[in-house]
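Text of the file start01.txt, holding compact mmCIF, N, CA and C atoms and all ligand atoms:
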# COMPACT_ATOMS: atom_id res chain seq x y z
N MET A 935 -26.96 16.18 62.57
CA MET A 935 -26.90 15.64 61.21
C MET A 935 -25.53 15.85 60.61
N VAL A 936 -25.03 17.07 60.75
CA VAL A 936 -23.79 17.41 60.07
C VAL A 936 -22.62 16.61 60.62
N SER A 937 -22.52 16.55 61.94
CA SER A 937 -21.37 15.85 62.52
C SER A 937 -21.44 14.38 62.19
N LYS A 938 -22.63 13.84 62.16
CA LYS A 938 -22.79 12.42 61.86
C LYS A 938 -22.28 12.09 60.46
N VAL A 939 -22.53 12.99 59.57
CA VAL A 939 -22.10 12.74 58.19
C VAL A 939 -20.60 12.92 58.04
N PHE A 940 -20.10 14.02 58.56
CA PHE A 940 -18.73 14.39 58.24
C PHE A 940 -17.69 13.77 59.16
N SER A 941 -18.14 13.18 60.26
CA SER A 941 -17.15 12.59 61.17
C SER A 941 -16.63 11.25 60.67
N GLU A 942 -17.34 10.68 59.76
CA GLU A 942 -16.94 9.34 59.30
C GLU A 942 -16.21 9.47 57.97
N ASN A 943 -14.95 9.13 57.98
CA ASN A 943 -14.15 9.35 56.79
C ASN A 943 -14.71 8.66 55.54
N LEU A 944 -15.18 7.44 55.72
CA LEU A 944 -15.69 6.73 54.55
C LEU A 944 -16.89 7.45 53.95
N ARG A 945 -17.72 8.00 54.82
CA ARG A 945 -18.90 8.71 54.30
C ARG A 945 -18.49 9.96 53.55
N LEU A 946 -17.47 10.59 54.05
CA LEU A 946 -16.98 11.76 53.35
C LEU A 946 -16.41 11.36 51.99
N ARG A 947 -15.71 10.25 51.96
CA ARG A 947 -15.19 9.78 50.67
C ARG A 947 -16.34 9.48 49.70
N LEU A 948 -17.39 8.88 50.24
CA LEU A 948 -18.55 8.60 49.38
C LEU A 948 -19.17 9.89 48.86
N LEU A 949 -19.30 10.84 49.76
CA LEU A 949 -19.90 12.11 49.34
C LEU A 949 -19.07 12.79 48.26
N MET A 950 -17.76 12.73 48.43
CA MET A 950 -16.90 13.37 47.44
C MET A 950 -17.04 12.67 46.09
N LEU A 951 -17.18 11.35 46.13
CA LEU A 951 -17.36 10.62 44.87
C LEU A 951 -18.71 10.95 44.23
N LEU A 952 -19.69 11.15 45.07
CA LEU A 952 -21.04 11.39 44.55
C LEU A 952 -21.25 12.83 44.11
N TRP A 953 -20.28 13.66 44.41
CA TRP A 953 -20.40 15.08 44.07
C TRP A 953 -20.57 15.24 42.56
N GLY A 954 -21.72 15.70 42.16
CA GLY A 954 -21.96 15.91 40.73
C GLY A 954 -22.12 14.65 39.91
N SER A 955 -22.31 13.52 40.58
CA SER A 955 -22.39 12.26 39.85
C SER A 955 -23.58 11.43 40.31
N SER A 956 -23.84 10.39 39.56
CA SER A 956 -24.91 9.47 39.91
C SER A 956 -24.32 8.08 39.71
N ILE A 957 -24.11 7.35 40.79
CA ILE A 957 -23.21 6.20 40.75
C ILE A 957 -23.85 4.98 41.40
N CYS A 958 -23.62 3.81 40.80
CA CYS A 958 -24.17 2.57 41.37
C CYS A 958 -23.27 2.06 42.51
N VAL A 959 -23.87 1.23 43.35
CA VAL A 959 -23.14 0.71 44.51
C VAL A 959 -21.91 -0.09 44.09
N LYS A 960 -22.05 -0.80 43.00
CA LYS A 960 -20.93 -1.63 42.56
C LYS A 960 -19.70 -0.77 42.24
N CYS A 961 -19.92 0.31 41.53
CA CYS A 961 -18.80 1.19 41.22
C CYS A 961 -18.21 1.82 42.48
N LEU A 962 -19.08 2.21 43.40
CA LEU A 962 -18.57 2.80 44.64
C LEU A 962 -17.75 1.77 45.41
N ALA A 963 -18.25 0.56 45.49
CA ALA A 963 -17.56 -0.50 46.25
C ALA A 963 -16.21 -0.82 45.60
N GLN A 964 -16.20 -0.92 44.28
CA GLN A 964 -14.95 -1.27 43.63
C GLN A 964 -13.95 -0.11 43.67
N THR A 965 -14.46 1.08 43.57
CA THR A 965 -13.58 2.24 43.66
C THR A 965 -12.90 2.31 45.02
N LEU A 966 -13.67 2.07 46.06
CA LEU A 966 -13.11 2.18 47.41
C LEU A 966 -12.54 0.85 47.90
N ASP A 967 -12.64 -0.16 47.06
CA ASP A 967 -12.12 -1.48 47.39
C ASP A 967 -12.68 -2.00 48.71
N MET A 968 -13.97 -1.95 48.81
CA MET A 968 -14.66 -2.42 50.01
C MET A 968 -15.88 -3.22 49.59
N PRO A 969 -16.36 -4.07 50.50
CA PRO A 969 -17.53 -4.88 50.14
C PRO A 969 -18.76 -4.02 49.89
N GLN A 970 -19.59 -4.46 48.96
CA GLN A 970 -20.82 -3.70 48.69
C GLN A 970 -21.68 -3.55 49.93
N SER A 971 -21.65 -4.56 50.81
CA SER A 971 -22.49 -4.49 52.01
C SER A 971 -22.06 -3.33 52.91
N THR A 972 -20.75 -3.12 53.01
CA THR A 972 -20.24 -1.99 53.80
C THR A 972 -20.66 -0.67 53.18
N ILE A 973 -20.48 -0.60 51.87
CA ILE A 973 -20.84 0.64 51.18
C ILE A 973 -22.34 0.91 51.34
N SER A 974 -23.14 -0.13 51.18
CA SER A 974 -24.59 0.05 51.28
C SER A 974 -24.98 0.56 52.66
N ARG A 975 -24.31 0.06 53.68
CA ARG A 975 -24.65 0.48 55.04
C ARG A 975 -24.37 1.97 55.22
N HIS A 976 -23.23 2.40 54.73
CA HIS A 976 -22.90 3.82 54.87
C HIS A 976 -23.79 4.69 53.98
N LEU A 977 -24.12 4.19 52.81
CA LEU A 977 -25.03 4.94 51.95
C LEU A 977 -26.39 5.10 52.63
N ALA A 978 -26.80 4.06 53.35
CA ALA A 978 -28.09 4.13 54.04
C ALA A 978 -28.08 5.24 55.10
N VAL A 979 -26.95 5.37 55.79
CA VAL A 979 -26.85 6.43 56.79
C VAL A 979 -26.96 7.80 56.12
N LEU A 980 -26.24 7.95 55.03
CA LEU A 980 -26.27 9.23 54.32
C LEU A 980 -27.67 9.52 53.78
N ARG A 981 -28.32 8.47 53.34
CA ARG A 981 -29.68 8.67 52.82
C ARG A 981 -30.64 9.03 53.95
N ASN A 982 -30.45 8.39 55.09
CA ASN A 982 -31.34 8.68 56.21
C ASN A 982 -31.24 10.11 56.72
N VAL A 983 -30.06 10.69 56.61
CA VAL A 983 -29.96 12.08 57.03
C VAL A 983 -30.33 13.03 55.90
N GLY A 984 -30.62 12.50 54.75
CA GLY A 984 -31.16 13.32 53.67
C GLY A 984 -30.13 14.04 52.84
N ILE A 985 -28.91 13.53 52.81
CA ILE A 985 -27.90 14.23 52.01
C ILE A 985 -27.65 13.54 50.68
N ILE A 986 -28.09 12.31 50.57
CA ILE A 986 -28.09 11.65 49.26
C ILE A 986 -29.45 10.99 49.04
N ARG A 987 -29.71 10.64 47.81
CA ARG A 987 -30.89 9.83 47.56
C ARG A 987 -30.56 8.77 46.53
N SER A 988 -31.42 7.79 46.46
CA SER A 988 -31.18 6.72 45.50
C SER A 988 -32.28 6.72 44.47
N GLU A 989 -31.91 6.25 43.29
CA GLU A 989 -32.87 6.15 42.19
C GLU A 989 -32.68 4.80 41.54
N ARG A 990 -33.76 4.14 41.29
CA ARG A 990 -33.66 2.84 40.63
C ARG A 990 -33.98 3.01 39.16
N LYS A 991 -33.05 2.54 38.33
CA LYS A 991 -33.28 2.60 36.88
C LYS A 991 -32.78 1.31 36.28
N ASN A 992 -33.61 0.63 35.55
CA ASN A 992 -33.20 -0.62 34.89
C ASN A 992 -32.44 -1.55 35.80
N LYS A 993 -33.03 -1.89 36.92
CA LYS A 993 -32.45 -2.87 37.84
C LYS A 993 -31.21 -2.37 38.58
N HIS A 994 -30.70 -1.22 38.25
CA HIS A 994 -29.56 -0.70 39.00
C HIS A 994 -30.04 0.43 39.90
N VAL A 995 -29.37 0.55 41.03
CA VAL A 995 -29.70 1.65 41.92
C VAL A 995 -28.54 2.64 41.90
N TYR A 996 -28.86 3.88 41.65
CA TYR A 996 -27.85 4.92 41.59
C TYR A 996 -28.01 5.86 42.76
N TYR A 997 -26.89 6.31 43.26
CA TYR A 997 -26.91 7.26 44.37
C TYR A 997 -26.40 8.60 43.89
N ARG A 998 -27.01 9.62 44.44
CA ARG A 998 -26.55 10.97 44.10
C ARG A 998 -26.78 11.87 45.29
N ILE A 999 -26.08 12.98 45.28
CA ILE A 999 -26.27 13.95 46.35
C ILE A 999 -27.62 14.63 46.19
N ASP A 1000 -28.27 14.81 47.30
CA ASP A 1000 -29.58 15.45 47.30
C ASP A 1000 -29.50 16.73 48.13
N ILE A 1001 -29.50 17.83 47.44
CA ILE A 1001 -29.42 19.09 48.18
C ILE A 1001 -30.77 19.79 48.23
N SER A 1002 -31.81 19.06 47.93
CA SER A 1002 -33.13 19.69 48.04
C SER A 1002 -33.68 19.49 49.45
N GLY A 1003 -34.82 20.05 49.70
CA GLY A 1003 -35.50 19.80 50.97
C GLY A 1003 -34.94 20.63 52.11
N ASP A 1004 -35.06 20.08 53.31
CA ASP A 1004 -34.64 20.81 54.50
C ASP A 1004 -33.16 21.12 54.44
N HIS A 1005 -32.80 22.27 54.87
CA HIS A 1005 -31.40 22.68 54.98
C HIS A 1005 -30.67 22.63 53.63
N ALA A 1006 -31.37 22.89 52.57
CA ALA A 1006 -30.74 22.79 51.24
C ALA A 1006 -29.50 23.66 51.13
N THR A 1007 -29.61 24.88 51.59
CA THR A 1007 -28.49 25.81 51.44
C THR A 1007 -27.31 25.38 52.30
N LEU A 1008 -27.63 24.95 53.50
CA LEU A 1008 -26.58 24.48 54.41
C LEU A 1008 -25.86 23.28 53.79
N LYS A 1009 -26.62 22.34 53.29
CA LYS A 1009 -26.01 21.15 52.70
C LYS A 1009 -25.12 21.53 51.53
N GLN A 1010 -25.67 22.37 50.66
CA GLN A 1010 -24.90 22.75 49.49
C GLN A 1010 -23.62 23.48 49.86
N ASP A 1011 -23.73 24.40 50.81
CA ASP A 1011 -22.56 25.19 51.19
C ASP A 1011 -21.50 24.32 51.85
N LEU A 1012 -21.93 23.46 52.74
CA LEU A 1012 -20.98 22.59 53.43
C LEU A 1012 -20.27 21.67 52.45
N LEU A 1013 -21.05 21.08 51.59
CA LEU A 1013 -20.45 20.17 50.61
C LEU A 1013 -19.48 20.90 49.71
N ALA A 1014 -19.86 22.10 49.33
CA ALA A 1014 -18.98 22.87 48.44
C ALA A 1014 -17.66 23.19 49.13
N VAL A 1015 -17.74 23.52 50.40
CA VAL A 1015 -16.52 23.83 51.14
C VAL A 1015 -15.64 22.59 51.24
N TYR A 1016 -16.23 21.50 51.61
CA TYR A 1016 -15.46 20.25 51.70
C TYR A 1016 -14.88 19.87 50.34
N GLN A 1017 -15.71 19.96 49.34
CA GLN A 1017 -15.27 19.52 48.04
C GLN A 1017 -14.07 20.32 47.56
N ARG A 1018 -14.19 21.64 47.71
CA ARG A 1018 -13.09 22.50 47.26
C ARG A 1018 -11.79 22.17 47.96
N GLN A 1019 -11.88 21.88 49.26
CA GLN A 1019 -10.65 21.64 50.01
C GLN A 1019 -10.11 20.24 49.81
N LEU A 1020 -11.01 19.29 49.64
CA LEU A 1020 -10.58 17.90 49.68
C LEU A 1020 -10.20 17.32 48.32
N ILE A 1021 -10.75 17.90 47.28
CA ILE A 1021 -10.63 17.22 46.00
C ILE A 1021 -9.19 17.16 45.50
N THR A 1022 -8.35 18.03 46.02
CA THR A 1022 -6.95 18.00 45.60
C THR A 1022 -6.10 17.13 46.53
N MET A 1023 -6.74 16.53 47.54
CA MET A 1023 -5.98 15.75 48.52
C MET A 1023 -6.34 14.28 48.41
N ASP A 1024 -5.41 13.44 48.82
CA ASP A 1024 -5.74 12.02 48.94
C ASP A 1024 -6.38 11.78 50.29
N PRO A 1025 -7.25 10.77 50.41
CA PRO A 1025 -7.58 9.79 49.38
C PRO A 1025 -8.60 10.28 48.36
N TYR A 1026 -9.12 11.49 48.53
CA TYR A 1026 -10.26 11.90 47.70
C TYR A 1026 -9.86 12.02 46.23
N ARG A 1027 -8.67 12.55 46.02
CA ARG A 1027 -8.24 12.74 44.64
C ARG A 1027 -8.03 11.39 43.96
N SER A 1028 -7.37 10.49 44.65
CA SER A 1028 -7.15 9.19 44.01
C SER A 1028 -8.44 8.37 43.93
N ASP A 1029 -9.34 8.57 44.88
CA ASP A 1029 -10.67 7.94 44.76
C ASP A 1029 -11.33 8.36 43.45
N MET A 1030 -11.24 9.64 43.17
CA MET A 1030 -11.92 10.15 41.98
C MET A 1030 -11.32 9.57 40.70
N LYS A 1031 -9.99 9.46 40.68
CA LYS A 1031 -9.35 8.82 39.53
C LYS A 1031 -9.81 7.38 39.38
N ALA A 1032 -9.84 6.68 40.50
CA ALA A 1032 -10.25 5.27 40.48
C ALA A 1032 -11.70 5.14 40.01
N LEU A 1033 -12.51 6.07 40.44
CA LEU A 1033 -13.92 6.02 40.03
C LEU A 1033 -14.07 6.20 38.53
N ILE A 1034 -13.31 7.13 37.99
CA ILE A 1034 -13.41 7.39 36.56
C ILE A 1034 -12.97 6.16 35.78
N GLU A 1035 -11.90 5.51 36.23
CA GLU A 1035 -11.48 4.28 35.57
C GLU A 1035 -12.53 3.19 35.72
N GLN A 1036 -13.02 3.04 36.92
CA GLN A 1036 -14.02 2.02 37.20
C GLN A 1036 -15.25 2.21 36.33
N SER A 1037 -15.66 3.43 36.18
CA SER A 1037 -16.92 3.68 35.49
C SER A 1037 -16.84 3.30 34.02
N HIS A 1038 -15.63 3.22 33.46
CA HIS A 1038 -15.51 2.78 32.08
C HIS A 1038 -15.97 1.35 31.90
N PHE A 1039 -15.87 0.56 32.99
CA PHE A 1039 -16.21 -0.85 32.89
C PHE A 1039 -17.59 -1.16 33.44
N CYS A 1040 -18.21 -0.16 33.99
CA CYS A 1040 -19.46 -0.40 34.69
C CYS A 1040 -20.56 -0.83 33.72
N GLY A 1041 -20.77 -0.05 32.69
CA GLY A 1041 -21.77 -0.41 31.71
C GLY A 1041 -23.21 -0.26 32.17
N SER A 1042 -23.41 0.20 33.38
CA SER A 1042 -24.79 0.29 33.85
C SER A 1042 -25.35 1.70 33.78
N GLY A 1043 -24.56 2.63 33.32
CA GLY A 1043 -25.11 3.97 33.16
C GLY A 1043 -24.81 4.93 34.29
N CYS A 1044 -23.74 4.69 35.00
CA CYS A 1044 -23.34 5.67 36.00
C CYS A 1044 -22.93 6.97 35.30
N VAL A 1045 -23.26 8.06 35.93
CA VAL A 1045 -22.90 9.35 35.35
C VAL A 1045 -21.87 9.99 36.27
N ILE A 1046 -20.69 10.20 35.74
CA ILE A 1046 -19.59 10.67 36.58
C ILE A 1046 -19.22 12.10 36.24
N GLY A 1047 -19.10 12.90 37.28
CA GLY A 1047 -18.37 14.13 37.17
C GLY A 1047 -19.01 15.28 36.44
N LYS A 1048 -20.31 15.43 36.55
CA LYS A 1048 -20.86 16.70 36.13
C LYS A 1048 -20.35 17.75 37.10
N LYS A 1049 -20.11 18.91 36.59
CA LYS A 1049 -19.47 19.90 37.43
C LYS A 1049 -20.41 20.54 38.46
N THR A 1050 -21.66 20.67 38.13
CA THR A 1050 -22.56 21.34 39.07
C THR A 1050 -23.82 20.51 39.25
N HIS A 1051 -24.59 20.92 40.20
CA HIS A 1051 -25.87 20.26 40.43
C HIS A 1051 -27.00 20.98 39.73
N LYS A 1052 -26.70 22.03 39.04
CA LYS A 1052 -27.77 22.79 38.41
C LYS A 1052 -28.58 21.89 37.51
N GLY A 1053 -29.88 22.00 37.67
CA GLY A 1053 -30.72 21.19 36.80
C GLY A 1053 -31.07 19.84 37.38
N ASP A 1054 -30.21 19.26 38.18
CA ASP A 1054 -30.57 17.93 38.69
C ASP A 1054 -31.57 17.99 39.80
N THR A 1055 -31.60 19.06 40.52
CA THR A 1055 -32.42 19.02 41.72
C THR A 1055 -33.48 20.10 41.66
N GLY A 1056 -33.79 20.53 40.46
CA GLY A 1056 -34.88 21.47 40.31
C GLY A 1056 -34.55 22.82 40.90
N GLU A 1057 -35.56 23.46 41.40
CA GLU A 1057 -35.43 24.86 41.77
C GLU A 1057 -34.51 25.09 42.96
N GLU A 1058 -34.27 24.05 43.73
CA GLU A 1058 -33.41 24.22 44.90
C GLU A 1058 -31.95 24.38 44.48
N ALA A 1059 -31.66 24.03 43.25
CA ALA A 1059 -30.27 23.94 42.84
C ALA A 1059 -29.53 25.25 42.94
N ASP A 1060 -30.21 26.36 42.68
CA ASP A 1060 -29.46 27.60 42.81
C ASP A 1060 -29.81 28.32 44.10
N ALA A 1061 -29.77 27.57 45.15
CA ALA A 1061 -30.01 28.10 46.48
C ALA A 1061 -28.83 28.94 46.98
N HIS A 1062 -27.82 29.11 46.15
CA HIS A 1062 -26.61 29.84 46.54
C HIS A 1062 -26.89 31.14 47.26
N GLY A 1063 -27.30 32.13 46.49
CA GLY A 1063 -27.54 33.43 47.09
C GLY A 1063 -29.00 33.66 47.39
N ASN A 1064 -29.85 33.03 46.63
CA ASN A 1064 -31.27 33.30 46.76
C ASN A 1064 -31.91 32.31 47.69
N ALA A 1065 -32.18 32.72 48.87
CA ALA A 1065 -32.90 31.84 49.78
C ALA A 1065 -34.26 31.56 49.16
N LYS A 1066 -34.73 30.34 49.33
CA LYS A 1066 -35.91 29.96 48.57
C LYS A 1066 -37.19 30.57 49.09
N ASN A 1067 -37.22 31.05 50.31
CA ASN A 1067 -38.43 31.70 50.78
C ASN A 1067 -38.23 33.19 50.73
ZN ZN A 1101 -21.59 1.81 37.97
Starting from the file, give its structure as structure tokens.
Ligand SMILES: [Zn+2]
Amino acid sequence: MVSKVFSENLRLRLLMLLWGSSICVKCLAQTLDMPQSTISRHLAVLRNVGIIRSERKNKHVYYRIDISGDHATLKQDLLAVYQRQLITMDPYRSDMKALIEQSHFCGSGCVIGKKTHKGDTGEEADAHGNAKN
């Protein structure tokens, strides 16, 4: 699961954009300057391995990181490591700037850039030190 997700640069870029955010496909596609069909295909892979999930609200579908369920701690730790290292580097840093600009025009309710996942994923969110079992 892990290698499948992280070996593909575009998926990593998507994950970094989705870190702490809830974003529609249109914004992701425009931010990365790629067709929505390409973005959707990669999002589907990420969703199938259980690292993101989608939510439909008012005709729009939003994607967000899902650190609940199996391997919650592993997912959270890995993402945190990647995020810390990558967010200051391109293309991830410029992707994030582009996303913030893009989201001003989206109008569909994308939520960009919450700092943590606390609260979004229920009790699994603070899986940091406290293993859930
Ligand atoms: Zn949007």
Practice item. Figure out the distance between atom C of Met1023 in chain A and atom C of Met950 in chain A, please, to one decimal in Å. Key: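 Separation between atom C of Met950 in chain A and atom C of Met1023 in chain A: 11.1 Å.
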Point to revise | Shell of 6.5 Å around ligand ZN 1101 (chain A) (only N, CA and C atoms and all ligand atoms), written as number ranges by chain | key: A: 957-962, 1037, 1040-1044
Exercise for review: Find the residues around range 982-987 of chain A up to 6.5 Å (only N, CA and C atoms counted), leave out those fewer than 5 positions away in its own chain, and share them as a VMD selection string.
Suggested key: chain A and resid 935 977 996 to 1001
Point to revise | DSSP strand (DSSP E) residues within range 937-1032 of chain A, as a PyMOL selection string | key: chain A and resi 957-958+986-991+994-999
Exercise for review: Would you please give, as a ChimeraX atom specification, all residues of range 958-1044 of chain A that DSSP assigns to alpha helix (DSSP H) based on the backbone?
Suggested key: /A:959-966,970-982,1006-1020,1026-1040
